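Data block below; observations after.
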2 protein chains.
Amino acid sequence: MSDKYKYMLDEKDLPKAWYNINPDMPISPGPVLHPVTKEPVSPEFLSVLFPMRFIQEAVSTERWIEIPEPVREVYKLWRPSPLIRARRLEKALDTPAHIYYKNESVSPVGSHKPNTAVAQAFYAKDEGVTGYTTETGAGQWGSALAMACNFFDLACDVYMVRVSYQQKPYRRIVMQTFGAEVSPSPSEKTAFGRKVLTDNPDSLGSLGIAISEAVEAAVTSNGKFKYSLGSVLGPVLMHQSVIGLEALKQFEMADEYPDIVIGCVGGGSNFAGFAFPFLHKKFTEGKATRFIAVEPTACPTLTKGPYTFDYGDTAKSAPIVKMHTLGHTFVPPGIHAGGLRYHGMAPHISALCHHGAIEAVALNQLSTFKAAVLFAQAEGIIPAPETAHAIKAAIDEALKCKEEGTKKVIAFNFSGHGLLDLAAYDAYLQDELVDYAYPDELIQETTKDLPQVSEALMTE
Amino acid sequence: MSDKYKYMLDEKDLPKAWYNINPDMPISPGPVLHPVTKEPVSPEFLSVLFPMRFIQEAVSTERWIEIPEPVREVYKLWRPSPLIRARRLEKALDTPAHIYYKNESVSPVGSHKPNTAVAQAFYAKDEGVTGYTTETGAGQWGSALAMACNFFDLACDVYMVRVSYQQKPYRRIVMQTFGAEVSPSPSEKTAFGRKVLTDNPDSLGSLGIAISEAVEAAVTSNGKFKYSLGSVLGPVLMHQSVIGLEALKQFEMADEYPDIVIGCVGGGSNFAGFAFPFLHKKFTEGKATRFIAVEPTACPTLTKGPYTFDYGDTAKSAPIVKMHTLGHTFVPPGIHAGGLRYHGMAPHISALCHHGAIEAVALNQLSTFKAAVLFAQAEGIIPAPETAHAIKAAIDEALKCKEEGTKKVIAFNFSGHGLLDLAAYDAYLQDELVDYAYPDELIQETTKDLPQVSEALMTE
């Protein structure tokens, strides 16, 4: 048995193709519907928002889709990322389990997000677009897209949820360092933003509002700007598959294979990117791996939200997809895992969860911060609050192994570091954080106004 | 020629011994003197402050000193660090030069500082000490020592310059996450701190004051605490040599050898750690490498300070060493490269610079931020403001190559990332920063009160 901590791949081992789960889905993730007609959208409608290559990927049934060389060249700035055996954490837990984490925090912006941002930026550049509009909450996604647009000489127009813009300036500065234009949302730049501000001049914004603004800005740009989304959609999940594909090779180096694969879920992209290549092995080789998607009790989309059709945004201007959802009017409480506050969930993950191929668990905020501090003290790296959810779930499984005396291999995706989220740690260390579980009554309230979709589509 | 970006070593290639430059010094770095008697100190005096093994390293004339296995085990959490060919920066500059950087920002706290913090923590633990006291400015050093003490189950008592404690909470939170006790300095915890506060209740503190407090806290702890310094001293420089030793192997992989080796200097440890192994090659194999130490014009220790004996701290309680100094009463202006504001310089670097083995250059703040933004946009990583000095010097040399049409190999140490220094970038991007060169008249003023050392020692 190896005594290594880090399993590193060479640049030449960087995957040449992404894994597209479409042909392997045990049930359909459902069609994408037009927000007004509520009928399946045409590629023409989507092409106002997305580059054509992105749309083609969404409907592709090819299992392997080539990673364009200019995208691989950028990936090489930090990829392949390390797979790390958390030996010190194992020791701290005194567990017979082997715990591994794929360290996506090594990207320049500190998270997995650039894996899709770079691909999307290349597609836009390749199709002659001027730039992207996008939304961002705490700024993980915005800073990834800002960096990617900078690499491909594209403009980047970011709508940042106002409360984050005001309270979390660091990622705004990252975006601006990469030349992006960052506006607090709601903004005066869009009709929807102005409407929100007229109704409520003190609005602190929400991800749903910011999406609506970014979509509007792209739609009204006469084709100059496309709109970029950092999670939820099939191609985004697929671009992230580079994580799991590398991890598969690295587990071969370690001569082990995970019994349990864990990731946190907001929109679902880091979980999907890590887990889907292992799911492929399960589907094709019958591997008996368990998959656990971890969400906060404050935003319990998979564990409490109905599996149905809903709008992607608050203004009902983004496409409708089939997903576990808390309703597009869901207003998340102020938990610190800003990346895990989306009302919906990637249709692929929703379908897989509904089907039973993956499990979902919801965790309280305080327990995840406690796990994060334990992890930092053992392994050195301070995790993002989102990542802390995956860590807590991994620790729980490792402690079960200790109780049972079983030596399972537990793998989780370390989606990002917390160096730009330290204010949350400060609040935790000073006992200012509280637990919060989103109440069932509120879910009933916010899922009242779901779009009415034809019976045929509902049961498809 | 390779087309790689990153030259990675395996954990088994982690150096087994540090390089000690003592036996290769072309001139003596001078003795360490007692702050009161001004005579060479005894090991007994130093042993109140430092672990015995650290003191032995300071006077050792062994060229290679074994890295203890527990230290190597911790290094393996992030080491060996990558050597990166900055291909995108070369392209942005349109230079024939090859630019490489050793990426020390991959450590959990984002800088090279843990290389010595881990060694010092192990020595203290091994000798049965309870913990360390130390000072920190912006917090790079404090967070490294806090992490290291946490790994070896030691207490860590940090005196953080008050203005940084108040304005830069992020690294304080990092330290606290690792369980360290962080006090704003001047503090009520020490006699010297109380004296400063009595004289000036609003004192914002300085590195010199914080050193005095940390030294006092160790000296008055009845042997429970030792004092840890993150730069300047010989053993600290030696612990950092792991950087250059790895880089030597990585340049072999790249089949190149640097013509110019560059590092920024505050106390001097990151420069020394990167450059000394290459200097060894110069001394022993006659390699014609140039060495450039880069400092800010706001703290021009090497370029303007006299080479003489001075106290290490403001209270005159730390040992006296021979160095380039702006005087121990030097109060640095508020430049953002907090790590480059020490009044003195490592005696080894001072001696080598005095001797002519290395060159020194001072750069203005605005030019370094401009270089940092150019670097970030080309390579993705946002540099620490300190590191930006090395980058600017490397860019200047690369542009000279372009002018001259020469294809030199330029290597610099990327000592840390700037993700916890983004407020400085914000100020730069909003045109709020100004250039400042420390005036010669003030240097004359602050070097008036240097310790009077016997003629014999001066000319030794």
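The chains in the structure tokens are called A, B, ... from first to last as shown; in each chain the residues are counted from 1, and the ligands are counted from 1 in the order shown.
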*Looking only at the backbone, which of the residues in range 125-358 of chain A does DSSP tag as alpha helix (DSSP H), as a ChimeraX atom specification?*
/A:125-126,140-151,162-167,169-177,191-199,207-219,234-239,241-254,269-285,301-304,347-355
Q.
Using only C-alpha atoms, which protein or nucleic acid residues come within 7 Å of range 92-96 of chain B? Drop anything in the same chain fewer than 6 positions from it, and give the result as an MDAnalysis selection string.
A. chainID B and resid 378 398:399 401:402 405:407
For all heavy atoms, I'd like the residues from the last selection saved as a short mmCIF file (atom, residue, chain, number, x, y, z; two decimals), in the first residue's frame.
```
data_model
loop_
_atom_site.label_atom_id
_atom_site.label_comp_id
_atom_site.auth_asym_id
_atom_site.auth_seq_id
_atom_site.Cartn_x
_atom_site.Cartn_y
_atom_site.Cartn_z
N ALA B 378 -2.76 37.38 -17.21
CA ALA B 378 -2.09 36.42 -18.08
C ALA B 378 -2.13 35.00 -17.51
O ALA B 378 -2.42 34.04 -18.20
CB ALA B 378 -0.64 36.85 -18.34
N ALA B 398 12.48 40.69 -18.66
CA ALA B 398 11.94 40.07 -19.88
C ALA B 398 11.80 41.09 -21.00
O ALA B 398 12.02 40.77 -22.18
CB ALA B 398 10.60 39.41 -19.58
N LEU B 399 11.45 42.31 -20.64
CA LEU B 399 11.32 43.36 -21.66
C LEU B 399 12.69 43.80 -22.18
O LEU B 399 12.83 44.14 -23.36
CB LEU B 399 10.53 44.56 -21.09
CG LEU B 399 9.05 44.26 -20.81
CD1 LEU B 399 8.36 45.46 -20.16
CD2 LEU B 399 8.30 43.87 -22.11
N CYS B 401 15.12 41.72 -22.51
CA CYS B 401 15.43 40.63 -23.46
C CYS B 401 14.78 40.91 -24.80
O CYS B 401 15.37 40.64 -25.86
CB CYS B 401 14.93 39.29 -22.93
SG CYS B 401 15.88 38.66 -21.54
N LYS B 402 13.55 41.41 -24.75
CA LYS B 402 12.83 41.71 -25.99
C LYS B 402 13.57 42.78 -26.77
O LYS B 402 13.78 42.66 -27.98
CB LYS B 402 11.42 42.19 -25.64
CG LYS B 402 10.53 42.47 -26.82
CD LYS B 402 9.17 42.95 -26.32
CE LYS B 402 8.27 43.36 -27.47
NZ LYS B 402 6.96 43.83 -26.94
N GLY B 405 16.76 41.32 -27.97
CA GLY B 405 16.62 40.11 -28.77
C GLY B 405 17.36 38.92 -28.17
O GLY B 405 17.82 38.04 -28.89
N THR B 406 17.48 38.90 -26.83
CA THR B 406 18.17 37.77 -26.18
C THR B 406 17.15 36.88 -25.48
O THR B 406 16.12 37.33 -24.99
CB THR B 406 19.18 38.27 -25.12
OG1 THR B 406 18.50 39.16 -24.24
CG2 THR B 406 20.34 38.98 -25.78
N LYS B 407 17.50 35.58 -25.44
CA LYS B 407 16.54 34.61 -24.90
C LYS B 407 17.01 34.12 -23.54
O LYS B 407 17.45 32.99 -23.40
CB LYS B 407 16.43 33.44 -25.89
CG LYS B 407 15.21 32.58 -25.69
CD LYS B 407 15.18 31.43 -26.67
CE LYS B 407 15.39 30.11 -25.96
NZ LYS B 407 15.33 28.95 -26.86
#
```
Could you work out which residues of chain B fall inside 9 Å of chain A? Count only C-alpha atoms, and format the result as a PyMOL selection string.
chain B and resi 4-8+10-12+76-78+84+106-109+147-148+150-151+169-171+173-174+176-179+373+376-382+419-423+425-426+429
I need the residue nearest Ser183 in chain B from this list: B:Thr136, B:Ser221, B:Thr325, B:Ser60. Use only C-alpha atoms for the distance.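 Ranked by minimum distance to Ser183 in chain B, first place goes to B:Thr136.
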Do you have the CA of Gly266 in chain A-CA of Leu352 in chain A distance handy?
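Separation of CA of Gly266 in chain A and CA of Leu352 in chain A: 15.4 Å.
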List the neighbours of Tyr123 in chain B out to 12 Å using only C-alpha atoms; skip same-chain residues closer than 5 positions along the sequence, and give me the result as an mmCIF file with all heavy atoms, in the first residue's frame.
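Output (part04.cif):
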```cif
data_model
loop_
_atom_site.group_PDB
_atom_site.id
_atom_site.type_symbol
_atom_site.label_atom_id
_atom_site.label_comp_id
_atom_site.auth_asym_id
_atom_site.auth_seq_id
_atom_site.Cartn_x
_atom_site.Cartn_y
_atom_site.Cartn_z
ATOM 1 N N PHE B 50 14.992 30.641 21.765
ATOM 2 C CA PHE B 50 14.843 29.671 20.677
ATOM 3 C C PHE B 50 15.113 28.235 21.140
ATOM 4 O O PHE B 50 15.895 28.017 22.070
ATOM 5 C CB PHE B 50 15.819 30.010 19.538
ATOM 6 C CG PHE B 50 15.692 31.412 19.028
ATOM 7 C CD1 PHE B 50 16.700 32.344 19.247
ATOM 8 C CD2 PHE B 50 14.563 31.815 18.325
ATOM 9 C CE1 PHE B 50 16.591 33.657 18.772
ATOM 10 C CE2 PHE B 50 14.444 33.117 17.851
ATOM 11 C CZ PHE B 50 15.461 34.040 18.074
ATOM 12 N N PRO B 51 14.517 27.255 20.460
ATOM 13 C CA PRO B 51 14.872 25.866 20.745
ATOM 14 C C PRO B 51 16.357 25.639 20.454
ATOM 15 O O PRO B 51 16.940 26.290 19.577
ATOM 16 C CB PRO B 51 14.003 25.064 19.773
ATOM 17 C CG PRO B 51 12.891 25.973 19.381
ATOM 18 C CD PRO B 51 13.480 27.361 19.430
ATOM 19 N N MET B 52 16.964 24.715 21.184
ATOM 20 C CA MET B 52 18.404 24.479 21.053
ATOM 21 C C MET B 52 18.782 24.058 19.632
ATOM 22 O O MET B 52 19.813 24.469 19.103
ATOM 23 C CB MET B 52 18.831 23.409 22.067
ATOM 24 C CG MET B 52 20.322 23.373 22.320
ATOM 25 S SD MET B 52 21.098 25.002 22.610
ATOM 26 C CE MET B 52 20.523 25.343 24.275
ATOM 27 N N ARG B 53 17.925 23.250 19.022
ATOM 28 C CA ARG B 53 18.249 22.781 17.674
ATOM 29 C C ARG B 53 18.326 23.946 16.688
ATOM 30 O O ARG B 53 19.130 23.941 15.750
ATOM 31 C CB ARG B 53 17.166 21.781 17.232
ATOM 32 C CG ARG B 53 17.494 21.054 15.958
ATOM 33 C CD ARG B 53 16.879 19.682 15.972
ATOM 34 N NE ARG B 53 16.989 19.021 14.692
ATOM 35 C CZ ARG B 53 16.496 17.815 14.460
ATOM 36 N NH1 ARG B 53 15.861 17.147 15.426
ATOM 37 N NH2 ARG B 53 16.632 17.259 13.279
ATOM 38 N N PHE B 54 17.488 24.940 16.883
ATOM 39 C CA PHE B 54 17.475 26.140 16.047
ATOM 40 C C PHE B 54 18.783 26.907 16.229
ATOM 41 O O PHE B 54 19.394 27.375 15.264
ATOM 42 C CB PHE B 54 16.267 27.000 16.457
ATOM 43 C CG PHE B 54 15.991 28.202 15.597
ATOM 44 C CD1 PHE B 54 15.221 28.083 14.448
ATOM 45 C CD2 PHE B 54 16.480 29.459 15.936
ATOM 46 C CE1 PHE B 54 14.938 29.192 13.664
ATOM 47 C CE2 PHE B 54 16.208 30.582 15.151
ATOM 48 C CZ PHE B 54 15.434 30.444 14.012
ATOM 49 N N ILE B 55 19.239 27.001 17.483
ATOM 50 C CA ILE B 55 20.485 27.715 17.780
ATOM 51 C C ILE B 55 21.679 26.985 17.165
ATOM 52 O O ILE B 55 22.598 27.607 16.600
ATOM 53 C CB ILE B 55 20.655 27.851 19.307
ATOM 54 C CG1 ILE B 55 19.510 28.702 19.881
ATOM 55 C CG2 ILE B 55 22.010 28.462 19.659
ATOM 56 C CD1 ILE B 55 19.368 28.612 21.386
ATOM 57 N N GLN B 56 21.619 25.655 17.247
ATOM 58 C CA GLN B 56 22.713 24.875 16.651
ATOM 59 C C GLN B 56 22.774 25.086 15.137
ATOM 60 O O GLN B 56 23.849 25.188 14.548
ATOM 61 C CB GLN B 56 22.527 23.384 16.969
ATOM 62 C CG GLN B 56 22.856 23.044 18.427
ATOM 63 C CD GLN B 56 22.249 21.730 18.871
ATOM 64 O OE1 GLN B 56 21.447 21.125 18.159
ATOM 65 N NE2 GLN B 56 22.619 21.305 20.077
ATOM 66 N N GLU B 57 21.602 25.160 14.517
ATOM 67 C CA GLU B 57 21.573 25.403 13.073
ATOM 68 C C GLU B 57 22.195 26.757 12.736
ATOM 69 O O GLU B 57 22.869 26.904 11.713
ATOM 70 C CB GLU B 57 20.130 25.353 12.557
ATOM 71 C CG GLU B 57 19.562 23.931 12.509
ATOM 72 C CD GLU B 57 18.098 23.899 12.062
ATOM 73 O OE1 GLU B 57 17.451 24.959 12.005
ATOM 74 O OE2 GLU B 57 17.605 22.795 11.778
ATOM 75 N N ILE B 67 16.481 17.237 7.023
ATOM 76 C CA ILE B 67 15.124 17.679 7.376
ATOM 77 C C ILE B 67 14.478 16.560 8.183
ATOM 78 O O ILE B 67 14.350 15.435 7.693
ATOM 79 C CB ILE B 67 14.276 17.962 6.117
ATOM 80 C CG1 ILE B 67 14.997 18.947 5.188
ATOM 81 C CG2 ILE B 67 12.896 18.486 6.516
ATOM 82 C CD1 ILE B 67 14.257 19.230 3.882
ATOM 83 N N PRO B 68 14.088 16.830 9.428
ATOM 84 C CA PRO B 68 13.500 15.757 10.246
ATOM 85 C C PRO B 68 12.246 15.176 9.582
ATOM 86 O O PRO B 68 11.477 15.901 8.948
ATOM 87 C CB PRO B 68 13.140 16.470 11.566
ATOM 88 C CG PRO B 68 13.974 17.707 11.586
ATOM 89 C CD PRO B 68 14.153 18.107 10.157
ATOM 90 N N GLU B 69 12.060 13.884 9.740
ATOM 91 C CA GLU B 69 10.955 13.201 9.063
ATOM 92 C C GLU B 69 9.578 13.799 9.407
ATOM 93 O O GLU B 69 8.751 13.974 8.504
ATOM 94 C CB GLU B 69 11.010 11.692 9.353
ATOM 95 C CG GLU B 69 10.347 10.824 8.305
ATOM 96 C CD GLU B 69 10.721 11.176 6.868
ATOM 97 O OE1 GLU B 69 11.928 11.441 6.573
ATOM 98 O OE2 GLU B 69 9.808 11.221 6.037
ATOM 99 N N PRO B 70 9.299 14.164 10.687
ATOM 100 C CA PRO B 70 7.982 14.769 10.979
ATOM 101 C C PRO B 70 7.759 16.089 10.233
ATOM 102 O O PRO B 70 6.617 16.451 9.939
ATOM 103 C CB PRO B 70 8.031 15.001 12.502
ATOM 104 C CG PRO B 70 9.053 14.034 13.010
ATOM 105 C CD PRO B 70 10.084 13.936 11.922
ATOM 106 N N VAL B 71 8.844 16.795 9.943
ATOM 107 C CA VAL B 71 8.725 18.038 9.175
ATOM 108 C C VAL B 71 8.419 17.719 7.713
ATOM 109 O O VAL B 71 7.519 18.313 7.099
ATOM 110 C CB VAL B 71 10.018 18.881 9.294
ATOM 111 C CG1 VAL B 71 9.966 20.098 8.384
ATOM 112 C CG2 VAL B 71 10.231 19.297 10.752
ATOM 113 N N THR B 116 9.418 27.264 7.204
ATOM 114 C CA THR B 116 10.178 27.374 8.457
ATOM 115 C C THR B 116 9.287 27.209 9.683
ATOM 116 O O THR B 116 9.707 26.664 10.698
ATOM 117 C CB THR B 116 10.961 28.704 8.553
ATOM 118 O OG1 THR B 116 11.741 28.689 9.754
ATOM 119 C CG2 THR B 116 10.027 29.919 8.581
ATOM 120 N N ALA B 117 8.030 27.623 9.576
ATOM 121 C CA ALA B 117 7.119 27.511 10.733
ATOM 122 C C ALA B 117 7.003 26.049 11.176
ATOM 123 O O ALA B 117 7.021 25.752 12.379
ATOM 124 C CB ALA B 117 5.742 28.068 10.373
ATOM 125 N N VAL B 118 6.902 25.155 10.221
ATOM 126 C CA VAL B 118 6.742 23.731 10.540
ATOM 127 C C VAL B 118 7.996 23.202 11.234
ATOM 128 O O VAL B 118 7.915 22.473 12.236
ATOM 129 C CB VAL B 118 6.420 22.926 9.262
ATOM 130 C CG1 VAL B 118 6.446 21.430 9.548
ATOM 131 C CG2 VAL B 118 5.063 23.330 8.699
ATOM 132 N N GLY B 128 9.886 19.801 24.323
ATOM 133 C CA GLY B 128 8.956 19.853 25.446
ATOM 134 C C GLY B 128 8.403 21.215 25.774
ATOM 135 O O GLY B 128 7.878 21.445 26.871
ATOM 136 N N VAL B 129 8.513 22.149 24.828
ATOM 137 C CA VAL B 129 7.995 23.492 25.060
ATOM 138 C C VAL B 129 6.467 23.482 24.903
ATOM 139 O O VAL B 129 5.915 22.668 24.167
ATOM 140 C CB VAL B 129 8.650 24.467 24.056
ATOM 141 C CG1 VAL B 129 8.050 25.853 24.171
ATOM 142 C CG2 VAL B 129 10.160 24.498 24.275
ATOM 143 N N THR B 130 5.784 24.408 25.600
ATOM 144 C CA THR B 130 4.317 24.481 25.538
ATOM 145 C C THR B 130 3.822 25.171 24.267
ATOM 146 O O THR B 130 2.804 24.788 23.700
ATOM 147 C CB THR B 130 3.778 25.296 26.745
ATOM 148 O OG1 THR B 130 4.258 24.681 27.935
ATOM 149 C CG2 THR B 130 2.266 25.339 26.743
ATOM 150 N N GLY B 131 4.537 26.218 23.858
ATOM 151 C CA GLY B 131 4.059 26.952 22.691
ATOM 152 C C GLY B 131 5.031 28.031 22.258
ATOM 153 O O GLY B 131 6.143 28.142 22.784
ATOM 154 N N TYR B 132 4.594 28.812 21.267
ATOM 155 C CA TYR B 132 5.406 29.893 20.719
ATOM 156 C C TYR B 132 4.707 31.231 20.905
ATOM 157 O O TYR B 132 3.476 31.315 20.844
ATOM 158 C CB TYR B 132 5.610 29.710 19.216
ATOM 159 C CG TYR B 132 6.870 28.975 18.838
ATOM 160 C CD1 TYR B 132 6.807 27.781 18.127
ATOM 161 C CD2 TYR B 132 8.123 29.487 19.146
ATOM 162 C CE1 TYR B 132 7.962 27.103 17.751
ATOM 163 C CE2 TYR B 132 9.287 28.819 18.777
ATOM 164 C CZ TYR B 132 9.199 27.635 18.084
ATOM 165 O OH TYR B 132 10.338 26.983 17.713
ATOM 166 N N ALA B 148 1.236 25.661 11.859
ATOM 167 C CA ALA B 148 2.290 24.721 12.259
ATOM 168 C C ALA B 148 2.142 24.316 13.719
ATOM 169 O O ALA B 148 2.265 23.142 14.070
ATOM 170 C CB ALA B 148 3.661 25.343 11.998
ATOM 171 N N CYS B 149 1.886 25.280 14.601
ATOM 172 C CA CYS B 149 1.698 24.965 16.023
ATOM 173 C C CYS B 149 0.507 24.034 16.199
ATOM 174 O O CYS B 149 0.547 23.090 16.996
ATOM 175 C CB CYS B 149 1.496 26.251 16.827
ATOM 176 S SG CYS B 149 3.032 27.167 17.095
ATOM 177 N N PHE B 152 1.429 20.490 15.518
ATOM 178 C CA PHE B 152 2.248 19.842 16.545
ATOM 179 C C PHE B 152 1.682 20.047 17.949
ATOM 180 O O PHE B 152 2.395 19.862 18.935
ATOM 181 C CB PHE B 152 3.704 20.329 16.440
ATOM 182 C CG PHE B 152 4.408 19.789 15.240
ATOM 183 C CD1 PHE B 152 4.581 20.567 14.100
ATOM 184 C CD2 PHE B 152 4.866 18.476 15.220
ATOM 185 C CE1 PHE B 152 5.222 20.068 12.972
ATOM 186 C CE2 PHE B 152 5.501 17.966 14.103
ATOM 187 C CZ PHE B 152 5.673 18.758 12.974
ATOM 188 N N LEU B 154 0.846 22.644 19.750
ATOM 189 C CA LEU B 154 1.490 23.687 20.553
ATOM 190 C C LEU B 154 0.575 24.902 20.650
ATOM 191 O O LEU B 154 -0.183 25.179 19.713
ATOM 192 C CB LEU B 154 2.792 24.160 19.880
ATOM 193 C CG LEU B 154 3.973 23.208 19.804
ATOM 194 C CD1 LEU B 154 5.022 23.789 18.860
ATOM 195 C CD2 LEU B 154 4.565 22.982 21.195
ATOM 196 N N LYS B 226 8.661 29.555 23.730
ATOM 197 C CA LYS B 226 9.802 30.089 23.002
ATOM 198 C C LYS B 226 9.271 31.156 22.056
ATOM 199 O O LYS B 226 8.056 31.302 21.870
ATOM 200 C CB LYS B 226 10.519 28.992 22.205
ATOM 201 C CG LYS B 226 11.094 27.876 23.064
ATOM 202 C CD LYS B 226 12.334 28.312 23.828
ATOM 203 C CE LYS B 226 12.853 27.163 24.697
ATOM 204 N NZ LYS B 226 13.974 27.588 25.550
ATOM 205 N N TYR B 227 10.189 31.883 21.451
ATOM 206 C CA TYR B 227 9.831 32.954 20.531
ATOM 207 C C TYR B 227 10.189 32.518 19.113
ATOM 208 O O TYR B 227 11.256 31.949 18.870
ATOM 209 C CB TYR B 227 10.600 34.224 20.898
ATOM 210 C CG TYR B 227 10.611 35.268 19.812
ATOM 211 C CD1 TYR B 227 9.461 36.003 19.528
ATOM 212 C CD2 TYR B 227 11.759 35.496 19.050
ATOM 213 C CE1 TYR B 227 9.464 36.949 18.514
ATOM 214 C CE2 TYR B 227 11.760 36.441 18.041
ATOM 215 C CZ TYR B 227 10.615 37.161 17.778
ATOM 216 O OH TYR B 227 10.605 38.081 16.769
ATOM 217 N N SER B 228 9.292 32.768 18.191
ATOM 218 C CA SER B 228 9.549 32.349 16.811
ATOM 219 C C SER B 228 9.589 33.553 15.890
ATOM 220 O O SER B 228 8.723 34.430 15.953
ATOM 221 C CB SER B 228 8.454 31.387 16.349
ATOM 222 O OG SER B 228 8.680 31.016 15.017
ATOM 223 N N PRO B 235 18.816 30.153 10.358
ATOM 224 C CA PRO B 235 18.047 28.907 10.249
ATOM 225 C C PRO B 235 16.738 29.085 9.472
ATOM 226 O O PRO B 235 16.313 28.172 8.753
ATOM 227 C CB PRO B 235 17.774 28.542 11.713
ATOM 228 C CG PRO B 235 18.861 29.209 12.490
ATOM 229 C CD PRO B 235 19.151 30.491 11.761
#
```
Write out as a PyMOL selection string which residues come within 10 Å of Pro439 in chain B when counting only C-alpha atoms, dropping same-chain ones fewer than 2 positions away.
chain B and resi 297-300+304+436-437+441-444
If you run DSSP on the backbone, which residues of range 223-436 of chain A are strand (DSSP E), as JSON, numbers by chain? {"A": [225, 226, 227, 260, 261, 262, 263, 264, 290, 291, 292, 293, 294, 295, 296, 307, 308, 309, 310, 311, 320, 321, 322, 323, 324, 359, 360, 361, 362, 363, 409, 410, 411, 412, 413, 414]}
_Proximity to Lys400 in chain B - best of B:Val163, B:Ile358, B:Leu450, B:Ala97, only C-alpha atoms_ =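 Smallest separation from Lys400 in chain B among the options: B:Ala97.
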